[in-house]
$ cat model_9.tsv   # TSV, N, CA and C atoms
chain	number	residue	atom	x	y	z
V	22	MET	N	26.33	18.87	-21.16
V	22	MET	CA	27.44	19.71	-21.47
V	22	MET	C	27.15	20.58	-22.64
V	23	GLY	N	26.92	20.93	-23.45
V	23	GLY	CA	26.66	21.65	-24.62
V	23	GLY	C	26.72	20.80	-25.87
V	24	GLU	N	26.63	19.50	-25.72
V	24	GLU	CA	26.70	18.63	-26.89
V	24	GLU	C	25.30	18.29	-27.35
V	25	GLN	N	25.14	18.24	-28.65
V	25	GLN	CA	23.86	17.89	-29.25
V	25	GLN	C	23.99	16.55	-29.94
V	26	PRO	N	23.09	15.59	-29.63
V	26	PRO	CA	23.17	14.31	-30.33
V	26	PRO	C	22.85	14.49	-31.81
V	27	VAL	N	23.62	13.82	-32.62
V	27	VAL	CA	23.38	13.85	-34.06
V	27	VAL	C	22.71	12.56	-34.48
V	28	THR	N	23.32	11.46	-34.11
V	28	THR	CA	22.76	10.17	-34.50
V	28	THR	C	23.26	9.11	-33.54
V	29	THR	N	22.50	8.08	-33.38
V	29	THR	CA	22.95	6.93	-32.62
V	29	THR	C	22.64	5.71	-33.45
V	30	GLY	N	23.36	4.66	-33.19
V	30	GLY	CA	23.10	3.46	-33.95
V	30	GLY	C	23.89	2.31	-33.41
V	31	SER	N	23.67	1.18	-34.00
V	31	SER	CA	24.39	-0.01	-33.60
V	31	SER	C	25.06	-0.56	-34.83
V	32	ALA	N	26.33	-0.85	-34.68
V	32	ALA	CA	27.09	-1.45	-35.77
V	32	ALA	C	27.50	-2.82	-35.28
V	33	GLY	N	26.73	-3.81	-35.57
V	33	GLY	CA	27.02	-5.14	-35.06
V	33	GLY	C	26.95	-5.13	-33.55
V	34	ALA	N	27.99	-5.60	-32.90
V	34	ALA	CA	28.00	-5.65	-31.44
V	34	ALA	C	28.51	-4.35	-30.84
V	35	GLY	N	29.04	-3.45	-31.65
V	35	GLY	CA	29.57	-2.19	-31.13
V	35	GLY	C	28.58	-1.08	-31.35
V	36	ASN	N	28.42	-0.23	-30.37
V	36	ASN	CA	27.50	0.89	-30.49
V	36	ASN	C	28.26	2.14	-30.90
V	37	VAL	N	27.62	2.95	-31.72
V	37	VAL	CA	28.20	4.19	-32.20
V	37	VAL	C	27.22	5.32	-31.90
V	38	GLU	N	27.73	6.40	-31.33
V	38	GLU	CA	26.92	7.58	-31.09
V	38	GLU	C	27.72	8.77	-31.61
V	39	VAL	N	27.06	9.67	-32.31
V	39	VAL	CA	27.72	10.85	-32.86
V	39	VAL	C	27.04	12.08	-32.29
V	40	ARG	N	27.87	13.01	-31.80
V	40	ARG	CA	27.36	14.27	-31.25
V	40	ARG	C	28.14	15.43	-31.85
V	41	THR	N	27.51	16.59	-31.81
V	41	THR	CA	28.19	17.81	-32.19
V	41	THR	C	28.25	18.71	-30.96
V	42	ALA	N	29.46	19.15	-30.60
V	42	ALA	CA	29.65	20.03	-29.45
V	42	ALA	C	29.33	21.46	-29.86
V	43	ASP	N	29.15	22.33	-28.87
V	43	ASP	CA	28.84	23.73	-29.14
V	43	ASP	C	29.91	24.42	-29.98
V	44	ASP	N	31.17	23.97	-29.85
V	44	ASP	CA	32.25	24.60	-30.62
V	44	ASP	C	32.34	24.04	-32.05
V	45	GLY	N	31.42	23.15	-32.42
V	45	GLY	CA	31.41	22.59	-33.77
V	45	GLY	C	32.17	21.29	-33.92
V	46	SER	N	32.86	20.86	-32.85
V	46	SER	CA	33.56	19.57	-32.90
V	46	SER	C	32.55	18.45	-33.04
V	47	VAL	N	32.94	17.43	-33.79
V	47	VAL	CA	32.11	16.22	-33.90
V	47	VAL	C	32.74	15.17	-33.01
V	48	ILE	N	31.92	14.56	-32.16
V	48	ILE	CA	32.38	13.54	-31.22
V	48	ILE	C	31.72	12.23	-31.59
V	49	VAL	N	32.56	11.23	-31.84
V	49	VAL	CA	32.09	9.88	-32.14
V	49	VAL	C	32.41	9.03	-30.93
V	50	LEU	N	31.39	8.52	-30.28
V	50	LEU	CA	31.56	7.68	-29.10
V	50	LEU	C	31.37	6.23	-29.51
V	51	LEU	N	32.41	5.43	-29.31
V	51	LEU	CA	32.33	3.99	-29.60
V	51	LEU	C	32.18	3.25	-28.29
V	52	ARG	N	31.37	2.19	-28.30
V	52	ARG	CA	31.13	1.40	-27.09
V	52	ARG	C	31.23	-0.08	-27.39
V	53	GLY	N	31.69	-0.82	-26.38
V	53	GLY	CA	31.64	-2.27	-26.44
V	53	GLY	C	32.66	-2.88	-27.36
V	54	VAL	N	32.24	-3.94	-28.01
V	54	VAL	CA	33.09	-4.68	-28.94
V	54	VAL	C	32.93	-4.06	-30.32
V	55	VAL	N	34.02	-3.53	-30.84
V	55	VAL	CA	34.00	-2.93	-32.18
V	55	VAL	C	34.80	-3.87	-33.07
V	56	GLY	N	34.08	-4.77	-33.72
V	56	GLY	CA	34.70	-5.83	-34.50
V	56	GLY	C	34.55	-5.62	-35.99
V	57	PRO	N	34.90	-6.64	-36.78
V	57	PRO	CA	34.86	-6.52	-38.24
V	57	PRO	C	33.48	-6.22	-38.79
V	58	GLU	N	32.44	-6.61	-38.08
V	58	GLU	CA	31.08	-6.33	-38.55
V	58	GLU	C	30.76	-4.83	-38.51
V	59	CYS	N	31.60	-4.06	-37.81
V	59	CYS	CA	31.42	-2.61	-37.70
V	59	CYS	C	32.29	-1.85	-38.69
V	60	ALA	N	33.21	-2.53	-39.35
V	60	ALA	CA	34.27	-1.86	-40.11
V	60	ALA	C	33.74	-0.94	-41.20
V	61	VAL	N	32.82	-1.41	-42.00
V	61	VAL	CA	32.34	-0.60	-43.12
V	61	VAL	C	31.61	0.63	-42.62
V	62	GLU	N	30.72	0.47	-41.65
V	62	GLU	CA	29.95	1.60	-41.12
V	62	GLU	C	30.88	2.63	-40.47
V	63	LEU	N	31.83	2.17	-39.68
V	63	LEU	CA	32.74	3.10	-39.00
V	63	LEU	C	33.59	3.85	-40.03
V	64	ARG	N	34.13	3.14	-41.01
V	64	ARG	CA	34.94	3.79	-42.04
V	64	ARG	C	34.12	4.83	-42.79
V	65	GLN	N	32.90	4.48	-43.19
V	65	GLN	CA	32.06	5.43	-43.92
V	65	GLN	C	31.73	6.65	-43.07
V	66	LEU	N	31.44	6.43	-41.79
V	66	LEU	CA	31.13	7.53	-40.89
V	66	LEU	C	32.30	8.49	-40.77
V	67	LEU	N	33.50	7.96	-40.56
V	67	LEU	CA	34.68	8.81	-40.38
V	67	LEU	C	35.04	9.54	-41.66
V	68	VAL	N	35.01	8.84	-42.79
V	68	VAL	CA	35.35	9.48	-44.07
V	68	VAL	C	34.33	10.56	-44.40
V	69	ARG	N	33.05	10.27	-44.24
V	69	ARG	CA	32.00	11.26	-44.53
V	69	ARG	C	32.14	12.48	-43.63
V	70	THR	N	32.44	12.26	-42.36
V	70	THR	CA	32.59	13.38	-41.43
V	70	THR	C	33.78	14.26	-41.81
V	71	VAL	N	34.91	13.64	-42.11
V	71	VAL	CA	36.10	14.42	-42.46
V	71	VAL	C	35.92	15.12	-43.80
V	72	ARG	N	35.43	14.42	-44.80
V	72	ARG	CA	35.36	14.99	-46.15
V	72	ARG	C	34.19	15.92	-46.38
V	73	ARG	N	33.04	15.62	-45.80
V	73	ARG	CA	31.84	16.41	-46.11
V	73	ARG	C	31.48	17.39	-45.01
V	74	VAL	N	31.50	16.93	-43.76
V	74	VAL	CA	31.15	17.82	-42.65
V	74	VAL	C	32.28	18.79	-42.38
V	75	ARG	N	33.53	18.29	-42.42
V	75	ARG	CA	34.74	19.07	-42.24
V	75	ARG	C	34.74	19.92	-40.97
V	76	PRO	N	34.51	19.29	-39.81
V	76	PRO	CA	34.61	20.07	-38.57
V	76	PRO	C	36.08	20.44	-38.34
V	77	LEU	N	36.32	21.43	-37.50
V	77	LEU	CA	37.70	21.75	-37.17
V	77	LEU	C	38.33	20.63	-36.37
V	78	ARG	N	37.49	19.89	-35.62
V	78	ARG	CA	37.99	18.85	-34.73
V	78	ARG	C	37.03	17.66	-34.74
V	79	LEU	N	37.58	16.47	-34.91
V	79	LEU	CA	36.83	15.22	-34.83
V	79	LEU	C	37.43	14.42	-33.68
V	80	VAL	N	36.61	14.11	-32.70
V	80	VAL	CA	37.06	13.37	-31.52
V	80	VAL	C	36.40	11.99	-31.53
V	81	VAL	N	37.22	10.95	-31.49
V	81	VAL	CA	36.70	9.59	-31.38
V	81	VAL	C	36.98	9.16	-29.95
V	82	ASP	N	35.91	9.04	-29.16
V	82	ASP	CA	36.02	8.69	-27.74
V	82	ASP	C	36.01	7.17	-27.59
V	83	LEU	N	37.11	6.65	-27.06
V	83	LEU	CA	37.29	5.20	-26.93
V	83	LEU	C	37.13	4.73	-25.49
V	84	THR	N	36.61	5.57	-24.62
V	84	THR	CA	36.49	5.26	-23.19
V	84	THR	C	35.78	3.94	-22.94
V	85	GLU	N	34.70	3.69	-23.66
V	85	GLU	CA	33.86	2.52	-23.40
V	85	GLU	C	34.11	1.36	-24.34
V	86	VAL	N	35.21	1.41	-25.08
V	86	VAL	CA	35.53	0.32	-26.00
V	86	VAL	C	36.13	-0.84	-25.22
V	87	VAL	N	35.53	-2.01	-25.38
V	87	VAL	CA	36.03	-3.23	-24.75
V	87	VAL	C	37.14	-3.82	-25.61
V	88	THR	N	36.90	-3.96	-26.90
V	88	THR	CA	37.92	-4.44	-27.82
V	88	THR	C	37.72	-3.77	-29.18
V	89	LEU	N	38.83	-3.62	-29.88
V	89	LEU	CA	38.82	-3.03	-31.20
V	89	LEU	C	39.66	-3.93	-32.09
V	90	ASP	N	39.04	-4.46	-33.15
V	90	ASP	CA	39.74	-5.41	-34.01
V	90	ASP	C	40.77	-4.68	-34.88
V	91	PRO	N	41.71	-5.42	-35.49
V	91	PRO	CA	42.77	-4.81	-36.30
V	91	PRO	C	42.28	-3.96	-37.47
V	92	ILE	N	41.18	-4.36	-38.09
V	92	ILE	CA	40.66	-3.57	-39.21
V	92	ILE	C	40.27	-2.17	-38.73
V	93	ASN	N	39.59	-2.09	-37.61
V	93	ASN	CA	39.16	-0.80	-37.09
V	93	ASN	C	40.30	-0.01	-36.49
V	94	VAL	N	41.33	-0.68	-35.98
V	94	VAL	CA	42.54	0.04	-35.55
V	94	VAL	C	43.13	0.76	-36.76
V	95	GLY	N	43.22	0.06	-37.88
V	95	GLY	CA	43.72	0.66	-39.11
V	95	GLY	C	42.83	1.79	-39.60
V	96	THR	N	41.53	1.63	-39.46
V	96	THR	CA	40.59	2.68	-39.86
V	96	THR	C	40.81	3.95	-39.06
V	97	LEU	N	41.01	3.81	-37.75
V	97	LEU	CA	41.24	4.99	-36.91
V	97	LEU	C	42.57	5.65	-37.26
V	98	ALA	N	43.59	4.84	-37.52
V	98	ALA	CA	44.88	5.41	-37.92
V	98	ALA	C	44.73	6.17	-39.24
V	99	ALA	N	44.04	5.58	-40.19
V	99	ALA	CA	43.84	6.23	-41.50
V	99	ALA	C	43.03	7.51	-41.36
V	100	ALA	N	42.07	7.53	-40.43
V	100	ALA	CA	41.25	8.73	-40.22
V	100	ALA	C	42.12	9.91	-39.77
V	101	CYS	N	43.15	9.63	-38.97
V	101	CYS	CA	44.05	10.70	-38.53
V	101	CYS	C	44.75	11.34	-39.73
V	102	PHE	N	45.24	10.51	-40.65
V	102	PHE	CA	45.94	11.02	-41.83
V	102	PHE	C	44.97	11.68	-42.81
V	103	LEU	N	43.78	11.13	-42.95
V	103	LEU	CA	42.77	11.75	-43.81
V	103	LEU	C	42.40	13.12	-43.27
V	104	GLY	N	42.26	13.21	-41.95
V	104	GLY	CA	41.98	14.50	-41.32
V	104	GLY	C	43.06	15.52	-41.62
V	105	ASP	N	44.32	15.10	-41.55
V	105	ASP	CA	45.42	16.01	-41.86
V	105	ASP	C	45.29	16.53	-43.30
V	106	ASP	N	44.92	15.65	-44.22
V	106	ASP	CA	44.78	16.05	-45.62
V	106	ASP	C	43.64	17.06	-45.84
V	107	HIS	N	42.64	17.04	-44.94
V	107	HIS	CA	41.46	17.90	-45.09
V	107	HIS	C	41.38	18.98	-44.02
V	108	GLN	N	42.48	19.22	-43.33
V	108	GLN	CA	42.54	20.23	-42.27
V	108	GLN	C	41.50	20.00	-41.16
V	109	VAL	N	41.31	18.75	-40.79
V	109	VAL	CA	40.45	18.37	-39.68
V	109	VAL	C	41.33	17.68	-38.64
V	110	ALA	N	41.40	18.25	-37.44
V	110	ALA	CA	42.20	17.65	-36.37
V	110	ALA	C	41.43	16.46	-35.81
V	111	VAL	N	41.99	15.26	-35.93
V	111	VAL	CA	41.36	14.04	-35.44
V	111	VAL	C	42.08	13.60	-34.17
V	112	PHE	N	41.32	13.41	-33.10
V	112	PHE	CA	41.87	12.97	-31.82
V	112	PHE	C	41.17	11.69	-31.38
V	113	LEU	N	41.95	10.76	-30.85
V	113	LEU	CA	41.43	9.52	-30.31
V	113	LEU	C	41.60	9.62	-28.80
V	114	THR	N	40.49	9.74	-28.08
V	114	THR	CA	40.57	10.01	-26.65
V	114	THR	C	40.28	8.78	-25.80
V	115	ASN	N	40.96	8.72	-24.69
V	115	ASN	CA	40.75	7.74	-23.63
V	115	ASN	C	40.87	6.28	-24.04
V	116	PRO	N	41.86	5.95	-24.90
V	116	PRO	CA	42.03	4.52	-25.19
V	116	PRO	C	42.66	3.84	-23.98
V	117	LYS	N	42.27	2.61	-23.74
V	117	LYS	CA	42.93	1.82	-22.69
V	117	LYS	C	44.39	1.67	-23.09
V	118	PRO	N	45.31	1.46	-22.12
V	118	PRO	CA	46.74	1.41	-22.45
V	118	PRO	C	47.11	0.43	-23.56
V	119	GLU	N	46.54	-0.76	-23.53
V	119	GLU	CA	46.84	-1.75	-24.57
V	119	GLU	C	46.40	-1.25	-25.95
V	120	LEU	N	45.23	-0.63	-26.00
V	120	LEU	CA	44.73	-0.11	-27.27
V	120	LEU	C	45.59	1.06	-27.74
V	121	ALA	N	46.04	1.90	-26.82
V	121	ALA	CA	46.91	3.02	-27.19
V	121	ALA	C	48.19	2.52	-27.84
V	122	VAL	N	48.74	1.44	-27.32
V	122	VAL	CA	49.95	0.85	-27.91
V	122	VAL	C	49.65	0.35	-29.32
V	123	ARG	N	48.54	-0.35	-29.48
V	123	ARG	CA	48.18	-0.87	-30.81
V	123	ARG	C	47.96	0.26	-31.81
V	124	LEU	N	47.33	1.34	-31.36
V	124	LEU	CA	47.10	2.49	-32.25
V	124	LEU	C	48.43	3.15	-32.63
V	125	SER	N	49.33	3.26	-31.67
V	125	SER	CA	50.65	3.82	-31.95
V	125	SER	C	51.39	2.98	-32.97
V	126	LEU	N	51.35	1.66	-32.79
V	126	LEU	CA	52.01	0.75	-33.72
V	126	LEU	C	51.39	0.82	-35.12
V	127	ALA	N	50.12	1.19	-35.18
V	127	ALA	CA	49.43	1.33	-36.48
V	127	ALA	C	49.74	2.67	-37.14
V	128	GLY	N	50.49	3.53	-36.45
V	128	GLY	CA	50.89	4.79	-37.06
V	128	GLY	C	50.19	6.03	-36.55
V	129	VAL	N	49.35	5.90	-35.52
V	129	VAL	CA	48.69	7.08	-34.97
V	129	VAL	C	49.74	7.92	-34.23
V	130	PRO	N	49.89	9.18	-34.62
V	130	PRO	CA	50.86	10.04	-33.94
V	130	PRO	C	50.50	10.22	-32.46
V	131	PRO	N	51.50	10.29	-31.58
V	131	PRO	CA	51.22	10.39	-30.14
V	131	PRO	C	50.37	11.59	-29.77
V	132	GLN	N	50.49	12.69	-30.50
V	132	GLN	CA	49.70	13.88	-30.17
V	132	GLN	C	48.22	13.70	-30.48
V	133	ARG	N	47.89	12.64	-31.21
V	133	ARG	CA	46.48	12.35	-31.53
V	133	ARG	C	45.81	11.47	-30.46
V	134	LEU	N	46.61	10.86	-29.59
V	134	LEU	CA	46.09	10.01	-28.50
V	134	LEU	C	46.02	10.86	-27.25
V	135	CYS	N	44.82	11.08	-26.73
V	135	CYS	CA	44.63	11.99	-25.62
V	135	CYS	C	43.87	11.32	-24.48
V	136	ARG	N	44.14	11.79	-23.27
V	136	ARG	CA	43.37	11.40	-22.08
V	136	ARG	C	42.51	12.58	-21.68
V	137	GLU	N	41.23	12.38	-21.59
V	137	GLU	CA	40.32	13.44	-21.12
V	137	GLU	C	39.56	12.90	-19.92
V	138	ASP	N	40.16	13.04	-18.77
V	138	ASP	CA	39.54	12.52	-17.53
V	138	ASP	C	38.78	13.58	-16.80

$ encode --input "model_9.tsv" --output "structure tokens"
Amino acid sequence: MGEQPVTTGSAGAGNVEVRTADDGSVIVLLRGVVGPECAVELRQLLVRTVRRVRPLRLVVDLTEVVTLDPINVGTLAAACFLGDDHQVAVFLTNPKPELAVRLSLAGVPPQRLCRED
């Protein structure tokens, strides 16, 4: 598609891949089990991207997430608000229905939860 890989890595049992799209959007793809062992790396990645890279749009793709622990649910919710503070639109795409409910309960605005099928 016009996306360029930036970095890939493993954060505990959850895999993280970061790409930059042709339009400058940064896409963070999470896979598998994203548990507490991933919390520090994921938080640092999101904060660094919003504060230093400052793309117009940051997309966290949750299509392949099997489970997301409460710490990382909070991290994603906080990333939405941090993005607002830095004029970076943060979107959480393709969460499974149960995860979408948990993200909503954590304070993620409904317009930030998107389906891209």

$ closest_residue --input "model_9.tsv" --among "V:Leu113, V:Val74, V:Cys59, V:Leu67" --to "V:Ile92" --atoms "all atoms listed in the file"
V:Cys59

$ closest_residue --input "model_9.tsv" --among "V:Gly53, V:Val109, V:Ile48, V:Val68" --to "V:Val81" --atoms "all atoms listed in the file"
V:Ile48

$ atom_distance --input "model_9.tsv" --atom1 "atom C of V:Gly45" --atom2 "atom N of V:Ala60"
24.5 Å

$ residues_around --input "model_9.tsv" --residues "V:Arg133" --least-positions-apart "6" --cutoff "6.5 Å" --atoms "only N, CA and C atoms" --output "number ranges by chain"
V: 111-114

$ residues_around --input "model_9.tsv" --residues "V:Pro116" --least-positions-apart "2" --cutoff "6 Å" --atoms "all atoms listed in the file" --output "ChimeraX atom specification"
/V:83-84,113-114,118,120-121,135

$ select_by_dssp --input "model_9.tsv" --residues "chain V" --states "strand (DSSP E or B)" --output "VMD selection string"
chain V and resid 25 to 32 35 to 41 47 to 55 78 to 89 110 to 114 134 to 135

$ atom_distance --input "model_9.tsv" --atom1 "atom N of V:Glu119" --atom2 "atom CA of V:Val54"
15.0 Å

$ atom_distance --input "model_9.tsv" --atom1 "atom C of V:Gly95" --atom2 "atom C of V:Val39"
20.2 Å

$ closest_residue --input "model_9.tsv" --among "V:Ala127, V:Leu66, V:Leu51, V:Val71" --to "V:Gly104" --atoms "all atoms listed in the file"
V:Val71

$ closest_residue --input "model_9.tsv" --among "V:Leu89, V:Val61, V:Val47, V:Val94" --to "V:Pro76" --atoms "all atoms listed in the file"
V:Val47

$ closest_residue --input "model_9.tsv" --among "V:Val122, V:Arg72, V:Glu58, V:Lys117" --to "V:Asp90" --atoms "only C-alpha atoms"
V:Glu58

$ closest_residue --input "model_9.tsv" --among "V:Thr88, V:Thr70, V:Gln108, V:Thr41" --to "V:Gly56" --atoms "only N, CA and C atoms"
V:Thr88

$ residues_around --input "model_9.tsv" --residues "V:Ala110" --least-positions-apart "6" --cutoff "8 Å" --atoms "only N, CA and C atoms" --output "list in words"
Arg75, Pro76, Leu77, Arg78, Leu79, Val80, Ala100, Cys101, Leu103, Gly104 and Arg133 of chain V

$ build_atoms --input "model_9.tsv" --residues "stretch 37-59 of chain V" --atoms "N, CA, C and O atoms" --output "short mmCIF file (atom, residue, chain, number, x, y, z; two decimals), in the coordinates of the input"
data_model
loop_
_atom_site.label_atom_id
_atom_site.label_comp_id
_atom_site.auth_asym_id
_atom_site.auth_seq_id
_atom_site.Cartn_x
_atom_site.Cartn_y
_atom_site.Cartn_z
N VAL V 37 27.62 2.95 -31.72
CA VAL V 37 28.20 4.19 -32.20
C VAL V 37 27.22 5.32 -31.90
O VAL V 37 26.04 5.20 -32.19
N GLU V 38 27.73 6.40 -31.33
CA GLU V 38 26.92 7.58 -31.09
C GLU V 38 27.72 8.77 -31.61
O GLU V 38 28.92 8.87 -31.37
N VAL V 39 27.06 9.67 -32.31
CA VAL V 39 27.72 10.85 -32.86
C VAL V 39 27.04 12.08 -32.29
O VAL V 39 25.81 12.18 -32.30
N ARG V 40 27.87 13.01 -31.80
CA ARG V 40 27.36 14.27 -31.25
C ARG V 40 28.14 15.43 -31.85
O ARG V 40 29.27 15.27 -32.27
N THR V 41 27.51 16.59 -31.81
CA THR V 41 28.19 17.81 -32.19
C THR V 41 28.25 18.71 -30.96
O THR V 41 27.23 18.99 -30.34
N ALA V 42 29.46 19.15 -30.60
CA ALA V 42 29.65 20.03 -29.45
C ALA V 42 29.33 21.46 -29.86
O ALA V 42 29.27 21.79 -31.05
N ASP V 43 29.15 22.33 -28.87
CA ASP V 43 28.84 23.73 -29.14
C ASP V 43 29.91 24.42 -29.98
O ASP V 43 29.62 25.33 -30.74
N ASP V 44 31.17 23.97 -29.85
CA ASP V 44 32.25 24.60 -30.62
C ASP V 44 32.34 24.04 -32.05
O ASP V 44 33.23 24.41 -32.80
N GLY V 45 31.42 23.15 -32.42
CA GLY V 45 31.41 22.59 -33.77
C GLY V 45 32.17 21.29 -33.92
O GLY V 45 32.15 20.67 -34.98
N SER V 46 32.86 20.86 -32.85
CA SER V 46 33.56 19.57 -32.90
C SER V 46 32.55 18.45 -33.04
O SER V 46 31.47 18.50 -32.48
N VAL V 47 32.94 17.43 -33.79
CA VAL V 47 32.11 16.22 -33.90
C VAL V 47 32.74 15.17 -33.01
O VAL V 47 33.95 14.93 -33.05
N ILE V 48 31.92 14.56 -32.16
CA ILE V 48 32.38 13.54 -31.22
C ILE V 48 31.72 12.23 -31.59
O ILE V 48 30.50 12.13 -31.65
N VAL V 49 32.56 11.23 -31.84
CA VAL V 49 32.09 9.88 -32.14
C VAL V 49 32.41 9.03 -30.93
O VAL V 49 33.58 8.87 -30.57
N LEU V 50 31.39 8.52 -30.28
CA LEU V 50 31.56 7.68 -29.10
C LEU V 50 31.37 6.23 -29.51
O LEU V 50 30.32 5.86 -30.05
N LEU V 51 32.41 5.43 -29.31
CA LEU V 51 32.33 3.99 -29.60
C LEU V 51 32.18 3.25 -28.29
O LEU V 51 32.80 3.61 -27.29
N ARG V 52 31.37 2.19 -28.30
CA ARG V 52 31.13 1.40 -27.09
C ARG V 52 31.23 -0.08 -27.39
O ARG V 52 30.86 -0.53 -28.46
N GLY V 53 31.69 -0.82 -26.38
CA GLY V 53 31.64 -2.27 -26.44
C GLY V 53 32.66 -2.88 -27.36
O GLY V 53 33.78 -2.42 -27.48
N VAL V 54 32.24 -3.94 -28.01
CA VAL V 54 33.09 -4.68 -28.94
C VAL V 54 32.93 -4.06 -30.32
O VAL V 54 31.84 -4.06 -30.88
N VAL V 55 34.02 -3.53 -30.84
CA VAL V 55 34.00 -2.93 -32.18
C VAL V 55 34.80 -3.87 -33.07
O VAL V 55 36.02 -3.80 -33.13
N GLY V 56 34.08 -4.77 -33.72
CA GLY V 56 34.70 -5.83 -34.50
C GLY V 56 34.55 -5.62 -35.99
O GLY V 56 34.10 -4.56 -36.45
N PRO V 57 34.90 -6.64 -36.78
CA PRO V 57 34.86 -6.52 -38.24
C PRO V 57 33.48 -6.22 -38.79
O PRO V 57 33.36 -5.60 -39.85
N GLU V 58 32.44 -6.61 -38.08
CA GLU V 58 31.08 -6.33 -38.55
C GLU V 58 30.76 -4.83 -38.51
O GLU V 58 29.80 -4.38 -39.11
N CYS V 59 31.60 -4.06 -37.81
CA CYS V 59 31.42 -2.61 -37.70
C CYS V 59 32.29 -1.85 -38.69
O CYS V 59 32.14 -0.63 -38.83
#
